[in-house]
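Trainee: Pasting a structure below so you can have a look.
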Amino acid sequence: MVIKRIHMEVLVACLLALAGVAVAGGSLELGVGWTDSGPDAGYFPFYVGLLLAIAGFANAIWTVILHRGETEIFIDSEQARRLLSFLLPMTAFVIVTLLLGLYVGAALYLFYVAWRQGKYNPFWAAGLGIGFAISLFVVFDTLFKVPLLKGPLEAYLKIY
Amino acid sequence: MKKTSITLAVAATLLSTVGAFAQWVPERPVEFVVASGPGGGTDNFARTIQSVIAQHNLMDQSVVVLNKGAGSGAEAFIYAKANNANPHKLIFGTNNVYLLPHVAKMAYTSEDLVPVAALALDEFLIWVKADAPYADAAEFIAAAKANPGSLPVGGSQSKDTDETLVALIEQKTGAEFKYVPYNGGGEVGVQLAGGHIAANVNNPNENLGQWQAGAIKPLCVFSDQRMAESDPVHGDTGWHDIATCTEAGIDISSYQMPRTVWLPAGVSDEQLAFYVDLMQKVSETPEWQEYVANTSQTGRFLAGEELSAFIDNSETSTVEVFKAEGWTAQ
Amino acid sequence: MENFGLLMEGFQVAITPTHLAIMVIGVMLGLVVGVLPGLGAPNGVSLLIPLTFTMDPVSAIILLASMYWGALFGGSTTSILFNIPGEPSSVATTFDGYPMAQKGQSTRALTLAFMSAGIGALVGVVVITLLSTWAAGFALRFGAPEYFSVYFLAFCAFIGMGSSAPLKTIISLLVGLALSTVGMDTITGTLRLTYGLNELMGGVSFLVVVIGLFGIGEILMTVQDGLHFRGVASRIDLRDVFRTIAELPRYWATLLRSSAIGVWMGITPGGPTAASFMSYGVARQWSRPGEPFGKGRPEGIVAPETADHSAGTCAMLPMLALGVPSSATAAVMMGGLMIWGLTPGPMLFATKPDFVWGLIASMYISNIVAVVLVMATVPLFAALLRIPFAVIGPVIVAICFVGAYTVSNATFDLWLVLLFGVIGYVFSKLSYPLAPLVLAMVLGHKAENSFHQSMILSDGSLDVFWSNPLVGSIMTLALLLVIVPQVVKLIGRLRSRGTLRSVH
């Protein structure tokens, strides 16, 4: 899978322009005029969104005109593989965290990456994950009284 | 006969309190959810209670303070809704709990929380610059009437307690001001001292420093009686020397902001009773009295029926103002 | 000279064994909270407030202030080593600090940052000592139009130079502005651009965006190239520290300019974050030609760090003398002041001289303590880079997410970090500049608020921005900062064309 830079440029410019449309659209219901006491609530976001939409589309068109036919590569298959092998566990980390809490999520994530990608001994990797989770708990929950997201395991162990 | 029934009632209350106390105590650390950012008036309120509880060992479990001040405090109340029936989340706010849903579309209603207690009332005053040409509130109102819509009055936030009070003054006196919202009371105080606005309606402790320095002066207080005796603050005037606004001819007998504590709806009566009792104990400690005096608030403990009556009263009268101003959210 | 006498009395208050011990403890705690992206000075300070209720106010404020200085120093460490700003005000330090550390010069980058931070802080305290009365009076002259002009100035100073593709710079700026408008608007009291999501009610947190864009975005760049799956052998040599200190006097112009910017932004309500950006922008514009900024140029570290700390220090002045907190931490400390029974305001200097001058004297000492302590940690932190990536990579990722979660205890922010991480990666690869986005997020809403307040005060007339000499001159200076470099560039281009022609 190889993505050319020009395709990515145009895609991103169009996405940004669409974001601009969304911002401008969302501001419309707030009133976008200029009243006696200055701008309405939606005045700034509306024009920011409008300008963003214009700039985004202009950038897309500009890129097509100026750089058509260029073959610079945005990402090659090797890079994409490496990127995904990091991005997917990270996304899994977020999902696991939402279900099981930050401590369990972080421990599992560290364990997985150190074991599968760092090629460490699984016991060593598990120790790393658990050790990290415990030090997080000590620093945040205990020392600084900043509670982190907890899940069923902590409830079972009666750690609040 | 009557006497016995009273005795019985008192005994019953005592019994139920004692019973409740024996029945339920927190089983895990209690979260104090503060409906303001760090450093705000509500934040200080919650943290003072936290330290009083710790100093007097009023509770076995520890306390964790969380600030959830987004959306004028709505974040904290929506959090309470999400934690329905959870007796380990105590929410600290003002009257914003029951007033916010009236002015903006909010993802909670005041039914999602139950009031535990109010521990203090914060007063509101009219302040002007010290060298302003108004000797009293009546002259100030007259000046506003002479130039409708041109005297800038500052306050914190929009459609919050300050702007409501300014709107109320306008409705009662027929004067017209230009309301300018700022981020917080301290900022409004400095804007007044710098002469960028003509007046503000700050709470006492938000303007105390500038009054001490003689940069600004109070005109009247929105209360049915004068404030408590105090040492002179500037020159030979102290808090007690400030006229009430009714004396000065503004027909608003009382406008106060309660400092309130809430629980998520759905908690049991025993759980509620535990916290009512806890707050009562807090309000009786010398440290609490000192905090109330330091911040020039009026210490008053309200709970149960008395508190519901206060809230109903305050809600009805404020919503009237909202309606007249056309602020009510559909 | 009256202030000098008072300062000496202040030193007598501050230099006691207890107070010195309190300073060391405070600075160390501050370093810890500053280094961890999830904890910041406001967390640390609000945590300590209940402890201070039983202390006397002088010791209490010394503890809190020392913690604040420690956190300011600690915040730069992760900016430089991992491209993750520990505090909002150290975002600008990542621009050149991180590239320098990437080149294997982490010791040099850290030393430069800490030393210039120390110098900035000391300049700030000297200003407070000499000018307290005057500065407090000066700050009173700032109404809404003046506030707006200060934000506008910071904007112009940073945006002035169009470095990379102008269209992409504008897009990045607009994205930042759009993000800054999300949530509750103070002036109108309406919810904006939340699209019905309660999670967006409080707006998109600046820190969450920055952690995503810089922290996660950078790590994705690293991973894609597969370079750092083995640890980098970063050289750790104590002599590097001294060599870098000896190098400092070379940057005297940057130090001076940045301190002045910091002092200005600290006394006027601009704040440390805006100061560091403005100082970076100005340094980029006015420094002698040399290696490009953004690739590890020393001035690119010196400028934001000096300004950040001189602003942070000077920001204590409006807090004490006027009761206006210029940062979240100052707001918490002010809350403490009130609970201790002290009223911030003009009279505090007159009624509690031992408190005020004890604090000011302690600022000299604790900043020196902070520099010494933080320098001692340089080798330790530089060694972190030797840990293999398979271990430190996920640790950084996990800390980024923990940090984002603690900003407002919201799980929604975890998704935002992921999203902005990918955006940061794509933006860097397509060379969209990130700095304008971040600056727009910091200043956008503040500038909009003060603009709106000005419009209410002036009944919608823009003349208010030239209505008095103060606001007029700041606005004019801001416009000059944008226009002059363009004109200089244009003249330079014309001239070079001229010489070319004459050769032909």
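To be explicit about the labels: the chains of the structure tokens are called A, B, and onward in the order shown, and within each one the residues are counted from 1, while ligands get numbers from 1 in the order they are shown.
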Excluding same-chain residues fewer than 6 positions from range 39-51 of chain B, what lies within 8 Å of it counting only C-alpha atoms, as JSON, numbers by chain?
Mentor: {"B": [32, 63, 65, 67, 92, 93, 94, 259, 282, 288, 291], "C": [50, 51, 53, 328, 331, 332, 333, 334, 335, 336, 339]}
Trainee: With a cut-off of 8 Å, could you pull out the residues of chain B touching chain C and give me the nearest pair of atoms for each, distance in Å to one decimal, using only C-alpha atoms, ordered by chain and ascending number, as a tab-separated table?
Mentor:
residue	atom	partner	partner_atom	distance
B:Pro38	CA	C:Val332	CA	5.6
B:Gly39	CA	C:Val332	CA	4.0
B:Gly40	CA	C:Gly335	CA	6.9
B:Gly41	CA	C:Gly335	CA	7.7
B:Asn44	CA	C:Gly335	CA	6.1
B:Arg47	CA	C:Pro50	CA	6.8
B:Thr48	CA	C:Pro50	CA	7.4
B:Gln50	CA	C:Pro50	CA	7.5
B:Ser51	CA	C:Pro50	CA	5.4
B:Asn67	CA	C:Ser408	CA	7.7
B:Lys68	CA	C:Ser408	CA	7.0
B:Gly69	CA	C:Gly202	CA	7.8
B:Ala70	CA	C:Gly202	CA	4.2
B:Gly71	CA	C:Met184	CA	5.2
B:Ser72	CA	C:Met184	CA	7.7
B:Glu75	CA	C:Gly202	CA	7.5
B:Ala104	CA	C:Thr190	CA	7.2
B:Ala107	CA	C:Asn198	CA	7.3
B:Pro152	CA	C:Leu457	CA	6.9
B:Gln157	CA	C:Thr186	CA	5.5
B:Ser158	CA	C:Gly189	CA	4.9
B:Lys159	CA	C:Gly189	CA	6.5
B:Lys178	CA	C:Ile456	CA	7.7
B:Val180	CA	C:Gln453	CA	6.3
B:Pro181	CA	C:Ile187	CA	5.6
B:Tyr182	CA	C:Ile187	CA	7.1
B:Asn183	CA	C:Thr186	CA	6.8
B:Gly186	CA	C:Val324	CA	5.7
B:Glu187	CA	C:Val324	CA	5.7
B:Val190	CA	C:Leu322	CA	6.5
B:Gln191	CA	C:Gly143	CA	6.3
B:Ala193	CA	C:Leu140	CA	7.1
B:Gly194	CA	C:Leu140	CA	4.8
B:His196	CA	C:Gly143	CA	5.7
B:Asn205	CA	C:Thr343	CA	7.9
B:Leu208	CA	C:Thr343	CA	6.9
B:Gly209	CA	C:Gly345	CA	4.3
B:Gln210	CA	C:Gly345	CA	5.9
B:Gln212	CA	C:Met347	CA	6.3
B:Ala213	CA	C:Met347	CA	5.3
B:Tyr291	CA	C:Ile339	CA	6.2
B:Asn294	CA	C:Gly341	CA	5.2
B:Thr295	CA	C:Met338	CA	6.9
Trainee: At a cut-off of 9 Å, can you tabulate as CSV every residue of chain A near chain B together with its closest atom pair and the distance in Å to one decimal, using only C-alpha atoms and ordering rows by chain then number?
Mentor:
residue,atom,partner,partner_atom,distance
A:Lys145,CA,B:Val64,CA,6.4
A:Val146,CA,B:Val64,CA,7.7
A:Pro147,CA,B:Val64,CA,8.0
A:Lys158,CA,B:Arg28,CA,8.6
A:Ile159,CA,B:Arg28,CA,8.6
A:Tyr160,CA,B:Arg28,CA,6.5
Trainee: Write the residues of the preceding selection, restricted to N, CA and C atoms, as a PDB file, in the first residue's frame.
Mentor:
ATOM      1  N   LYS A 145      -3.235  12.457  45.147  1.00  0.00           N
ATOM      2  CA  LYS A 145      -4.692  12.417  45.274  1.00  0.00           C
ATOM      3  C   LYS A 145      -5.404  12.809  43.984  1.00  0.00           C
ATOM      4  N   VAL A 146      -4.828  12.410  42.849  1.00  0.00           N
ATOM      5  CA  VAL A 146      -5.506  12.624  41.572  1.00  0.00           C
ATOM      6  C   VAL A 146      -6.011  11.258  41.124  1.00  0.00           C
ATOM      7  N   PRO A 147      -7.311  11.006  41.260  1.00  0.00           N
ATOM      8  CA  PRO A 147      -7.800   9.668  40.928  1.00  0.00           C
ATOM      9  C   PRO A 147      -7.788   9.434  39.426  1.00  0.00           C
ATOM     10  N   LYS A 158     -11.266  -3.750  45.991  1.00  0.00           N
ATOM     11  CA  LYS A 158     -11.687  -2.697  46.919  1.00  0.00           C
ATOM     12  C   LYS A 158     -10.658  -1.572  47.015  1.00  0.00           C
ATOM     13  N   ILE A 159     -10.116  -1.210  45.847  1.00  0.00           N
ATOM     14  CA  ILE A 159      -9.279  -0.015  45.780  1.00  0.00           C
ATOM     15  C   ILE A 159     -10.133   1.056  45.139  1.00  0.00           C
ATOM     16  N   TYR A 160     -10.349   2.166  45.847  1.00  0.00           N
ATOM     17  CA  TYR A 160     -11.207   3.179  45.249  1.00  0.00           C
ATOM     18  C   TYR A 160     -10.412   4.413  44.880  1.00  0.00           C
TER      19      TYR A 160
END
Trainee: Range 240-250 of chain B: which residues within 8 Å, counting only C-alpha atoms, same-chain residues fewer than 2 positions away excluded, as a list of chain:residue names?
Mentor: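 After dropping sequence-adjacent residues, the list is B:Asp136, B:Ala137, B:Ala138, B:Ile169, B:Lys172, B:Thr173, B:Pro218, B:Leu219, B:Cys220, B:Val221, B:Phe222, B:Ser223, B:Asp224, B:Gln225, B:Arg226, B:Met227, B:Ala228, B:Glu229, B:Ser230, B:Thr237, B:Gly238, B:Ile252, B:Ser253.
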Trainee: I need the residues from that last selection saved to file as a compact mmCIF listing (two decimals), in the first residue's frame (with N, CA, C and O atoms), if you can.
Mentor:
# COMPACT_ATOMS: atom_id res chain seq x y z
N ASP B 136 -24.86 58.21 47.57
CA ASP B 136 -25.58 57.01 47.98
C ASP B 136 -26.19 56.33 46.75
O ASP B 136 -26.09 56.83 45.63
N ALA B 137 -26.85 55.22 47.02
CA ALA B 137 -27.39 54.42 45.91
C ALA B 137 -28.45 55.19 45.13
O ALA B 137 -28.55 55.06 43.91
N ALA B 138 -29.25 56.02 45.82
CA ALA B 138 -30.31 56.76 45.14
C ALA B 138 -29.72 57.68 44.07
O ALA B 138 -30.23 57.76 42.95
N ILE B 169 -32.37 45.07 39.40
CA ILE B 169 -32.33 46.50 39.76
C ILE B 169 -33.02 47.32 38.67
O ILE B 169 -33.81 48.22 38.95
N LYS B 172 -36.77 46.95 38.96
CA LYS B 172 -37.38 47.58 40.14
C LYS B 172 -37.31 49.10 40.07
O LYS B 172 -38.18 49.78 40.59
N THR B 173 -36.24 49.64 39.48
CA THR B 173 -36.06 51.10 39.54
C THR B 173 -36.35 51.79 38.22
O THR B 173 -36.53 53.00 38.19
N PRO B 218 -18.48 51.08 48.79
CA PRO B 218 -19.78 50.42 48.67
C PRO B 218 -20.91 51.43 48.84
O PRO B 218 -20.77 52.40 49.60
N LEU B 219 -22.01 51.23 48.12
CA LEU B 219 -23.16 52.13 48.28
C LEU B 219 -24.25 51.49 49.14
O LEU B 219 -24.79 52.12 50.03
N CYS B 220 -24.59 50.25 48.84
CA CYS B 220 -25.60 49.60 49.67
C CYS B 220 -25.52 48.09 49.51
O CYS B 220 -24.93 47.59 48.56
N VAL B 221 -26.13 47.37 50.47
CA VAL B 221 -26.09 45.92 50.46
C VAL B 221 -27.51 45.38 50.26
O VAL B 221 -28.47 45.92 50.82
N PHE B 222 -27.63 44.32 49.45
CA PHE B 222 -28.94 43.75 49.16
C PHE B 222 -29.33 42.73 50.22
O PHE B 222 -29.20 41.53 50.03
N SER B 223 -29.77 43.25 51.38
CA SER B 223 -30.13 42.36 52.47
C SER B 223 -31.21 43.06 53.27
O SER B 223 -31.35 44.29 53.20
N ASP B 224 -31.99 42.29 54.05
CA ASP B 224 -33.04 42.95 54.82
C ASP B 224 -32.51 43.55 56.11
O ASP B 224 -33.19 44.30 56.79
N GLN B 225 -31.28 43.22 56.45
CA GLN B 225 -30.67 43.89 57.60
C GLN B 225 -29.22 44.19 57.28
O GLN B 225 -28.65 43.61 56.37
N ARG B 226 -28.64 45.12 58.05
CA ARG B 226 -27.25 45.47 57.77
C ARG B 226 -26.32 44.31 58.08
O ARG B 226 -26.68 43.41 58.83
N MET B 227 -25.13 44.35 57.53
CA MET B 227 -24.18 43.26 57.75
C MET B 227 -23.63 43.31 59.17
O MET B 227 -23.80 44.29 59.88
N ALA B 228 -22.97 42.23 59.58
CA ALA B 228 -22.49 42.12 60.96
C ALA B 228 -21.47 43.22 61.29
O ALA B 228 -20.79 43.74 60.40
N GLU B 229 -21.38 43.54 62.58
CA GLU B 229 -20.39 44.50 63.04
C GLU B 229 -18.99 44.03 62.66
O GLU B 229 -18.70 42.84 62.66
N SER B 230 -18.10 44.95 62.32
CA SER B 230 -16.72 44.55 62.00
C SER B 230 -15.80 45.71 62.33
O SER B 230 -16.25 46.83 62.60
N THR B 237 -15.33 53.56 58.21
CA THR B 237 -16.50 52.75 57.85
C THR B 237 -16.15 51.27 57.85
O THR B 237 -15.11 50.87 57.35
N GLY B 238 -17.05 50.49 58.42
CA GLY B 238 -16.92 49.03 58.39
C GLY B 238 -18.13 48.46 57.69
O GLY B 238 -18.97 49.20 57.17
N ILE B 252 -35.36 46.02 46.73
CA ILE B 252 -34.95 44.61 46.69
C ILE B 252 -34.52 44.27 48.10
O ILE B 252 -33.45 44.66 48.54
N SER B 253 -35.37 43.54 48.81
CA SER B 253 -35.11 43.39 50.24
C SER B 253 -34.00 42.40 50.49
O SER B 253 -33.26 42.51 51.46
Trainee: Measuring atom to atom with only C-alpha atoms, identify which of A:Leu16, A:Leu136, A:Leu99, A:Leu30 is nearest to Tyr43 in chain A.
Mentor: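 Distance minimum relative to Tyr43 in chain A lands on A:Leu30.
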Trainee: With distances taken over only C-alpha atoms, which residue among B:Gly299, B:Gly214, B:Gly174, B:Pro115 lies nearest Lys145 in chain B?
Mentor: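 Among the listed residues, B:Gly174 lies closest to Lys145 in chain B.
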Trainee: Smallest atom-to-atom distance to chain A: which of C:Trp69, C:Phe152, C:Phe465, C:Phe401, using only C-alpha atoms?
Mentor: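 Smallest separation from chain A among the options: C:Phe401.
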Trainee: In range 31-127 of chain B, what's helix (DSSP H, G or I) per DSSP? Answer as a short mmCIF file (atom, residue, chain, number, x, y, z; two decimals) with N, CA, C and O atoms, in the first residue's frame?
Mentor:
data_model
loop_
_atom_site.label_atom_id
_atom_site.label_comp_id
_atom_site.auth_asym_id
_atom_site.auth_seq_id
_atom_site.Cartn_x
_atom_site.Cartn_y
_atom_site.Cartn_z
N GLY B 41 -14.64 30.92 44.28
CA GLY B 41 -15.29 30.98 45.58
C GLY B 41 -15.80 29.61 46.00
O GLY B 41 -15.63 29.19 47.16
N THR B 42 -16.40 28.87 45.07
CA THR B 42 -16.93 27.54 45.38
C THR B 42 -15.79 26.58 45.72
O THR B 42 -15.93 25.72 46.58
N ASP B 43 -14.67 26.75 45.04
CA ASP B 43 -13.51 25.89 45.29
C ASP B 43 -13.00 26.10 46.72
O ASP B 43 -12.75 25.14 47.45
N ASN B 44 -12.88 27.37 47.12
CA ASN B 44 -12.42 27.65 48.48
C ASN B 44 -13.40 27.09 49.51
O ASN B 44 -13.00 26.58 50.56
N PHE B 45 -14.68 27.20 49.21
CA PHE B 45 -15.74 26.68 50.07
C PHE B 45 -15.52 25.18 50.31
O PHE B 45 -15.46 24.72 51.45
N ALA B 46 -15.35 24.43 49.22
CA ALA B 46 -15.19 22.98 49.33
C ALA B 46 -13.89 22.62 50.04
O ALA B 46 -13.86 21.73 50.89
N ARG B 47 -12.82 23.31 49.70
CA ARG B 47 -11.53 22.95 50.29
C ARG B 47 -11.46 23.31 51.77
O ARG B 47 -10.78 22.64 52.55
N THR B 48 -12.18 24.37 52.17
CA THR B 48 -12.22 24.69 53.58
C THR B 48 -12.93 23.57 54.34
O THR B 48 -12.46 23.11 55.38
N ILE B 49 -14.07 23.11 53.78
CA ILE B 49 -14.80 22.01 54.43
C ILE B 49 -13.92 20.77 54.49
O ILE B 49 -13.86 20.08 55.52
N GLN B 50 -13.19 20.51 53.42
CA GLN B 50 -12.29 19.36 53.40
C GLN B 50 -11.30 19.44 54.56
O GLN B 50 -11.08 18.47 55.28
N SER B 51 -10.72 20.63 54.74
CA SER B 51 -9.69 20.73 55.79
C SER B 51 -10.32 20.68 57.18
O SER B 51 -9.74 20.13 58.11
N VAL B 52 -11.53 21.23 57.34
CA VAL B 52 -12.20 21.15 58.65
C VAL B 52 -12.49 19.70 59.00
O VAL B 52 -12.23 19.25 60.12
N ILE B 53 -12.98 18.95 58.02
CA ILE B 53 -13.28 17.53 58.26
C ILE B 53 -12.01 16.79 58.67
O ILE B 53 -12.00 16.00 59.61
N ALA B 54 -10.90 17.10 57.99
CA ALA B 54 -9.64 16.43 58.31
C ALA B 54 -9.15 16.81 59.71
O ALA B 54 -8.75 15.95 60.49
N GLN B 55 -9.20 18.12 60.01
CA GLN B 55 -8.67 18.56 61.30
C GLN B 55 -9.44 18.00 62.48
O GLN B 55 -8.89 17.75 63.53
N GLY B 71 -18.78 24.98 31.64
CA GLY B 71 -20.15 25.39 31.40
C GLY B 71 -20.79 25.99 32.63
O GLY B 71 -21.88 25.61 33.02
N SER B 72 -20.09 26.94 33.27
CA SER B 72 -20.57 27.63 34.48
C SER B 72 -20.91 26.65 35.60
O SER B 72 -21.74 26.93 36.45
N GLY B 73 -20.30 25.49 35.60
CA GLY B 73 -20.52 24.53 36.67
C GLY B 73 -21.41 23.36 36.27
O GLY B 73 -21.52 22.38 36.99
N ALA B 74 -22.04 23.49 35.10
CA ALA B 74 -22.96 22.43 34.65
C ALA B 74 -22.26 21.08 34.59
O ALA B 74 -22.88 20.04 34.83
N GLU B 75 -20.96 21.08 34.30
CA GLU B 75 -20.20 19.84 34.21
C GLU B 75 -20.37 19.01 35.49
O GLU B 75 -20.59 17.81 35.44
N ALA B 76 -20.27 19.68 36.63
CA ALA B 76 -20.38 18.98 37.91
C ALA B 76 -21.77 18.39 38.09
O ALA B 76 -21.92 17.28 38.61
N PHE B 77 -22.81 19.12 37.65
CA PHE B 77 -24.17 18.65 37.88
C PHE B 77 -24.53 17.51 36.94
O PHE B 77 -25.26 16.59 37.31
N ILE B 78 -23.97 17.57 35.72
CA ILE B 78 -24.19 16.47 34.78
C ILE B 78 -23.47 15.22 35.30
O ILE B 78 -23.96 14.10 35.19
N TYR B 79 -22.32 15.45 35.92
CA TYR B 79 -21.56 14.36 36.54
C TYR B 79 -22.40 13.72 37.65
O TYR B 79 -22.44 12.51 37.80
N ALA B 80 -23.11 14.55 38.42
CA ALA B 80 -23.98 14.03 39.48
C ALA B 80 -25.07 13.17 38.88
O ALA B 80 -25.40 12.11 39.40
N LYS B 81 -25.62 13.63 37.75
CA LYS B 81 -26.68 12.86 37.11
C LYS B 81 -26.15 11.49 36.67
O LYS B 81 -26.81 10.47 36.86
N ALA B 82 -24.92 11.49 36.13
CA ALA B 82 -24.33 10.24 35.66
C ALA B 82 -24.04 9.30 36.83
O ALA B 82 -23.92 8.11 36.66
N ASN B 96 -26.45 28.13 41.30
CA ASN B 96 -26.39 27.74 39.89
C ASN B 96 -26.98 26.37 39.64
O ASN B 96 -27.44 26.09 38.56
N VAL B 97 -27.01 25.50 40.67
CA VAL B 97 -27.56 24.16 40.50
C VAL B 97 -28.97 24.24 39.94
O VAL B 97 -29.30 23.58 38.96
N TYR B 98 -29.82 25.08 40.57
CA TYR B 98 -31.23 25.11 40.13
C TYR B 98 -31.52 26.24 39.15
O TYR B 98 -32.58 26.28 38.57
N LEU B 99 -30.56 27.16 38.95
CA LEU B 99 -30.84 28.27 38.03
C LEU B 99 -30.36 28.01 36.60
O LEU B 99 -31.00 28.42 35.65
N LEU B 100 -29.23 27.30 36.47
CA LEU B 100 -28.67 27.07 35.13
C LEU B 100 -29.66 26.46 34.13
O LEU B 100 -29.76 26.93 33.01
N PRO B 101 -30.41 25.41 34.54
CA PRO B 101 -31.30 24.80 33.56
C PRO B 101 -32.36 25.77 33.03
O PRO B 101 -32.96 25.51 32.00
N HIS B 102 -32.60 26.87 33.76
CA HIS B 102 -33.60 27.83 33.28
C HIS B 102 -33.06 28.71 32.16
O HIS B 102 -33.83 29.17 31.33
N VAL B 103 -31.77 29.00 32.16
CA VAL B 103 -31.24 29.92 31.16
C VAL B 103 -30.59 29.25 29.96
O VAL B 103 -30.39 29.88 28.94
N SER B 110 -32.77 20.14 37.91
CA SER B 110 -32.44 20.21 39.33
C SER B 110 -32.96 18.99 40.09
O SER B 110 -32.56 18.74 41.21
N GLU B 111 -33.84 18.19 39.44
CA GLU B 111 -34.31 16.96 40.10
C GLU B 111 -33.22 15.88 40.14
O GLU B 111 -33.36 14.89 40.82
N ASP B 112 -32.16 16.06 39.37
CA ASP B 112 -31.11 15.05 39.36
C ASP B 112 -30.20 15.13 40.58
O ASP B 112 -29.31 14.32 40.75
#
Trainee: If we count only C-alpha atoms, what is near Gly151 in chain A at a cut-off of 7 Å, once residues fewer than 3 positions away on the same chain are taken out, given as a PyMOL selection string?
Mentor: chain A and resi 99-101+154-155
Trainee: Which residue is closest to Ala135 in chain C? Choose from C:Ser180, C:Leu317, C:Ala121, C:Thr244 and count only C-alpha atoms.
Mentor: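 Of the candidates, the smallest distance to Ala135 in chain C is held by C:Leu317.
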Trainee: C:Glu9, C:Glu247, C:Asp56, C:Asp96: which is nearest Arg284 in chain C, counting only C-alpha atoms?
Mentor: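 Closest to Arg284 in chain C of all the choices is C:Asp96.
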Trainee: Residues within 12 Å of Tyr112 in chain A, please, as an MDAnalysis selection string. Count only C-alpha atoms; anything in the same chain fewer than 3 positions from it doesn't count.
Mentor: (chainID A and resid 85:86 88:90 92:93 105:109 115:130) or (chainID C and resid 390:391 394:395)
Trainee: Find the residues near Val48 in chain A: any atom within 10 Å, counting only C-alpha atoms, skip ones fewer than 2 places away on the same chain, and give them as JSON, numbers by chain.
Mentor: {"A": [20, 21, 23, 24, 27, 42, 43, 44, 45, 46, 50, 51, 52, 53, 54], "C": [171, 173, 174, 175, 176, 177, 178, 181]}
Trainee: Report as a list in words: the residues of range 32-272 of chain C with a DSSP assignment of strand (DSSP E or B), based on the backbone of this structure.
Mentor: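 Matching residues for strand (DSSP E or B) in range 32-272 of chain C are Gly183, Met184, Leu191 and Arg192 of chain C.
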Trainee: Could you dump the residues just selected with N, CA and C atoms as a CSV table (one decimal), in the first residue's frame?
Mentor:
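What follows is the written file out_0.csv:
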chain,number,residue,atom,x,y,z
C,183,GLY,N,-17.5,25.3,23.2
C,183,GLY,CA,-17.8,25.4,24.6
C,183,GLY,C,-18.6,26.6,25.0
C,184,MET,N,-18.7,26.8,26.3
C,184,MET,CA,-19.4,27.9,26.9
C,184,MET,C,-18.7,29.2,26.6
C,191,LEU,N,-23.8,28.1,24.6
C,191,LEU,CA,-22.9,27.0,24.3
C,191,LEU,C,-22.7,27.0,22.8
C,192,ARG,N,-21.4,26.9,22.4
C,192,ARG,CA,-21.1,27.0,21.0
C,192,ARG,C,-20.5,25.7,20.4
